[in-house]
Amino acid sequence: MTYKYDVVVAGGSISGLLCAREISSQGYSVLVLEKSHEIGTPQHCGGLVSRAALDYLGVIPSSQIAGNHIKTAKIVSPNGHSIQVGAGDGILEVDRRMLDKYVAEQAQNNGAHIWSGVSFKGTSDGTVKSSSGDIPCSIVIDARGAHTLSGPNLLASAQYEICADWIRQGEVTVILDNLKYPGFFAWVIPTRSGIGKVGVGGYRIDVTATMQSLLDDMGNYSIFRRIIAPIWVGGPLPDVVRDNTILVGDAAGQTKPTTGGGIYSSGAGGMLAGRAVVKYLETDDRNHLNYSHIWKKRFGGEFEAQHTVRKILARLDNVAIDSLLHNVQPHTLKQITDDGDFDFHVGAILALLGVRGVAHIAKDITANEMRRASAYIQRAIRR
């Protein structure tokens, strides 16, 4: 390899590809390295995103990308009691394989090169080490995902593609149980009637055994695909610029503290980083590389509130969760349904439960945490 690229992107997921699209759109040379043999695989995330988020990311939601509209969410308590809320018209389930390929095509049309089946091995003296050889470049974008992170905020998770008659089109299911899924939850996200993504996550759990137990409780099923991958719920990293390497997406901690999802927030991180790199290449001013203040202006307040909500929910045992879901008021369900565009974060469950009810049970919640949670709830309801 003798050709020098302006930028090499390690990781061909949504954040890395959007970053490549932005940089290549201004005429700079970009190479994307994806270790998998296909862009868009494996599909780690649940794929729920709002239409407004896709608009912001510059994605036209065709039927191939987002043909499934989510209409309702069923929230199940540990003892099996469930409540149901409407989603309005703004939530879509997207095919991550097709979404990533769509953005890859945008980047390629701008002049970016994309290599699948090539692993990133590190950097040394302005050169990227890869499984296909050394690649000289000026800037490296690290978009390799949550597996590059470590610490207590990295949760274990598994997501299977399942065929089963208990998967209902348009209905997301969230299952709460702090014994089975400590600090997280289980989920069912339909792709279409009878086919969907079923997942489990939590602190220090055996995800294979936990998933098997969940599926055994659900009924008959067939497994089409198994994905095991970590989820980051610790919020954004404080340092996204490390010498000539820029972190984006999951690798930068830009996934939601409540769900670990990140099509919108991680994708935005890639876009903003790409625009920052363009400014650096134009001016040779390294101050432009730190895009985090722009990202935090858009997502920082929301992520801080979500982190607070996560801590509150983690303090509730199964008895408390059962009690709270049994006492949800009908007018609260109607309010969320009427407002529409319901955000399927687990944190939004607090909107259903009511802050005062949660505070009564989790008595160690501080006044500051209550204020942050209340602000988040109001955004969740009014979105």
# chains A, B, ... in the order shown; residues from 1 in each chain; ligands from 1

call {"tool": "select_by_dssp", "arguments": {"residues": "stretch 72-313 of chain A", "states": "strand (DSSP E or B)", "output": "number ranges by chain"}}
result
A: 72-76, 82-86, 91-93, 113-116, 120-124, 127-130, 133-142, 154-163, 171-175, 186-192, 195-202, 222-228, 231-232, 241-242, 245-247

call {"tool": "write_last_selection", "arguments": {"atoms": "C-alpha atoms", "output": "PDB file, in the first residue's frame"}}
result
ATOM      1  CA  THR A  72     -47.582   0.215  20.659  1.00  0.00           C
ATOM      2  CA  ALA A  73     -45.267  -0.750  23.514  1.00  0.00           C
ATOM      3  CA  LYS A  74     -46.149  -3.422  26.051  1.00  0.00           C
ATOM      4  CA  ILE A  75     -44.273  -3.101  29.359  1.00  0.00           C
ATOM      5  CA  VAL A  76     -44.245  -6.271  31.468  1.00  0.00           C
ATOM      6  CA  SER A  82     -48.450  -5.640  31.640  1.00  0.00           C
ATOM      7  CA  ILE A  83     -49.476  -2.186  30.502  1.00  0.00           C
ATOM      8  CA  GLN A  84     -49.689  -0.920  26.953  1.00  0.00           C
ATOM      9  CA  VAL A  85     -49.111   2.529  25.495  1.00  0.00           C
ATOM     10  CA  GLY A  86     -49.425   3.908  22.010  1.00  0.00           C
ATOM     11  CA  ILE A  91     -41.197   5.399  15.653  1.00  0.00           C
ATOM     12  CA  LEU A  92     -39.746   3.042  13.038  1.00  0.00           C
ATOM     13  CA  GLU A  93     -37.987  -0.313  13.178  1.00  0.00           C
ATOM     14  CA  HIS A 113     -13.346   3.669  -0.546  1.00  0.00           C
ATOM     15  CA  ILE A 114     -14.848   0.891   1.567  1.00  0.00           C
ATOM     16  CA  TRP A 115     -13.119  -2.408   2.278  1.00  0.00           C
ATOM     17  CA  SER A 116     -14.986  -5.200   4.057  1.00  0.00           C
ATOM     18  CA  PHE A 120      -7.813  -2.584  11.902  1.00  0.00           C
ATOM     19  CA  LYS A 121      -4.660  -3.523  13.842  1.00  0.00           C
ATOM     20  CA  GLY A 122      -3.592  -0.159  15.265  1.00  0.00           C
ATOM     21  CA  THR A 123      -1.579   2.909  14.300  1.00  0.00           C
ATOM     22  CA  SER A 124       2.098   3.840  14.266  1.00  0.00           C
ATOM     23  CA  THR A 127       0.291   4.710   9.445  1.00  0.00           C
ATOM     24  CA  VAL A 128      -2.671   2.429  10.019  1.00  0.00           C
ATOM     25  CA  LYS A 129      -1.824  -1.227  10.489  1.00  0.00           C
ATOM     26  CA  SER A 130      -4.419  -3.502   8.902  1.00  0.00           C
ATOM     27  CA  GLY A 133      -1.057  -4.062   5.073  1.00  0.00           C
ATOM     28  CA  ASP A 134       0.052  -0.598   6.153  1.00  0.00           C
ATOM     29  CA  ILE A 135      -1.968   2.448   5.113  1.00  0.00           C
ATOM     30  CA  PRO A 136      -0.494   5.968   5.479  1.00  0.00           C
ATOM     31  CA  CYS A 137      -3.008   8.622   6.539  1.00  0.00           C
ATOM     32  CA  SER A 138      -3.353  11.926   8.379  1.00  0.00           C
ATOM     33  CA  ILE A 139      -6.359  11.179  10.641  1.00  0.00           C
ATOM     34  CA  VAL A 140      -7.818   7.946  12.043  1.00  0.00           C
ATOM     35  CA  ILE A 141     -11.495   7.649  12.991  1.00  0.00           C
ATOM     36  CA  ASP A 142     -12.141   4.927  15.575  1.00  0.00           C
ATOM     37  CA  LEU A 154     -20.303  -2.216  29.909  1.00  0.00           C
ATOM     38  CA  LEU A 155     -23.232  -4.654  30.071  1.00  0.00           C
ATOM     39  CA  ALA A 156     -23.507  -8.126  28.612  1.00  0.00           C
ATOM     40  CA  SER A 157     -26.261  -8.629  26.045  1.00  0.00           C
ATOM     41  CA  ALA A 158     -27.549 -11.021  23.437  1.00  0.00           C
ATOM     42  CA  GLN A 159     -29.996 -10.480  20.602  1.00  0.00           C
ATOM     43  CA  TYR A 160     -31.441 -13.272  18.481  1.00  0.00           C
ATOM     44  CA  GLU A 161     -33.487 -13.068  15.310  1.00  0.00           C
ATOM     45  CA  ILE A 162     -36.508 -15.214  16.129  1.00  0.00           C
ATOM     46  CA  CYS A 163     -39.412 -16.656  14.175  1.00  0.00           C
ATOM     47  CA  GLU A 171     -45.792  -4.040  19.093  1.00  0.00           C
ATOM     48  CA  VAL A 172     -42.562  -3.685  21.076  1.00  0.00           C
ATOM     49  CA  THR A 173     -42.339  -5.581  24.369  1.00  0.00           C
ATOM     50  CA  VAL A 174     -40.109  -4.507  27.269  1.00  0.00           C
ATOM     51  CA  ILE A 175     -39.770  -6.998  30.137  1.00  0.00           C
ATOM     52  CA  ALA A 186     -35.385  -7.958  27.990  1.00  0.00           C
ATOM     53  CA  TRP A 187     -37.049  -6.911  24.747  1.00  0.00           C
ATOM     54  CA  VAL A 188     -38.976  -8.078  21.705  1.00  0.00           C
ATOM     55  CA  ILE A 189     -38.864  -5.843  18.616  1.00  0.00           C
ATOM     56  CA  PRO A 190     -40.910  -7.036  15.635  1.00  0.00           C
ATOM     57  CA  THR A 191     -39.519  -6.918  12.130  1.00  0.00           C
ATOM     58  CA  ARG A 192     -42.815  -8.154  10.756  1.00  0.00           C
ATOM     59  CA  ILE A 195     -40.354 -12.451  12.998  1.00  0.00           C
ATOM     60  CA  GLY A 196     -38.363 -10.103  15.195  1.00  0.00           C
ATOM     61  CA  LYS A 197     -35.393  -9.370  17.428  1.00  0.00           C
ATOM     62  CA  VAL A 198     -35.451 -10.765  20.955  1.00  0.00           C
ATOM     63  CA  GLY A 199     -32.804  -9.609  23.400  1.00  0.00           C
ATOM     64  CA  VAL A 200     -31.610  -9.679  27.004  1.00  0.00           C
ATOM     65  CA  GLY A 201     -29.074  -7.556  28.841  1.00  0.00           C
ATOM     66  CA  GLY A 202     -27.778  -6.955  32.329  1.00  0.00           C
ATOM     67  CA  SER A 222     -37.003 -20.887  15.703  1.00  0.00           C
ATOM     68  CA  ILE A 223     -33.644 -19.083  15.835  1.00  0.00           C
ATOM     69  CA  PHE A 224     -32.374 -17.534  12.601  1.00  0.00           C
ATOM     70  CA  ARG A 225     -29.379 -15.577  13.942  1.00  0.00           C
ATOM     71  CA  ARG A 226     -27.540 -15.197  17.258  1.00  0.00           C
ATOM     72  CA  ILE A 227     -25.599 -12.050  18.171  1.00  0.00           C
ATOM     73  CA  ILE A 228     -23.737 -11.562  21.457  1.00  0.00           C
ATOM     74  CA  ILE A 231     -23.793  -2.597  25.522  1.00  0.00           C
ATOM     75  CA  TRP A 232     -22.357   0.664  26.864  1.00  0.00           C
ATOM     76  CA  VAL A 241      -9.474  13.169  20.513  1.00  0.00           C
ATOM     77  CA  ARG A 242      -6.316  11.134  21.139  1.00  0.00           C
ATOM     78  CA  THR A 245      -7.294   9.424  16.401  1.00  0.00           C
ATOM     79  CA  ILE A 246     -10.901  10.598  16.793  1.00  0.00           C
ATOM     80  CA  LEU A 247     -13.478   8.433  18.602  1.00  0.00           C
TER      81      LEU A 247
END

call {"tool": "closest_atom_pairs", "arguments": {"of": "stretch 207-296 of chain A", "to": "stretch 301-317 of chain A", "cutoff": "9 Å", "atoms": "only C-alpha atoms", "output": "CSV"}}
result
residue,atom,partner,partner_atom,distance
A:Val233,CA,A:His307,CA,8.0
A:Gly234,CA,A:His307,CA,7.5
A:Gly235,CA,A:Phe303,CA,6.6
A:Pro236,CA,A:Phe303,CA,8.4
A:Gln254,CA,A:Phe303,CA,9.0
A:Thr255,CA,A:Phe303,CA,8.8
A:Lys256,CA,A:Phe303,CA,6.6
A:Pro257,CA,A:His307,CA,5.4
A:Thr258,CA,A:Gln306,CA,5.7
A:Lys296,CA,A:Gly301,CA,7.4

call {"tool": "select_by_dssp", "arguments": {"residues": "stretch 32-135 of chain A", "states": "helix (DSSP H, G or I)", "output": "list of chain:residue names"}}
result
A:Arg51, A:Ala52, A:Ala53, A:Leu54, A:Asp55, A:Tyr56, A:Leu57, A:Arg96, A:Arg97, A:Met98, A:Leu99, A:Asp100, A:Lys101, A:Tyr102, A:Val103, A:Ala104, A:Glu105, A:Gln106, A:Ala107, A:Gln108, A:Asn109

call {"tool": "closest_residue", "arguments": {"among": "A:Leu99, A:Met271, A:Asn109, A:Ala143", "to": "A:Ser63", "atoms": "only C-alpha atoms"}}
result
A:Leu99

call {"tool": "closest_residue", "arguments": {"among": "A:Leu272, A:Arg144, A:Gly183, A:Leu31", "to": "A:His288", "atoms": "only C-alpha atoms"}}
result
A:Leu272

call {"tool": "atom_distance", "arguments": {"atom1": "atom CA of A:Gly269", "atom2": "atom CA of A:Glu105"}}
result
19.1 Å

call {"tool": "residues_around", "arguments": {"residues": "A:Gly47", "least_positions_apart": "4", "cutoff": "7 Å", "atoms": "only C-alpha atoms", "output": "number ranges by chain"}}
result
A: 93-96

call {"tool": "atom_distance", "arguments": {"atom1": "atom CA of A:Glu38", "atom2": "atom CA of A:Gln26"}}
result
26.1 Å

call {"tool": "closest_residue", "arguments": {"among": "A:Gly170, A:Asp285, A:Val248, A:Asn153", "to": "A:Leu48", "atoms": "only C-alpha atoms"}}
result
A:Gly170

call {"tool": "atom_distance", "arguments": {"atom1": "atom CA of A:Val240", "atom2": "atom CA of A:Gly40"}}
result
23.9 Å
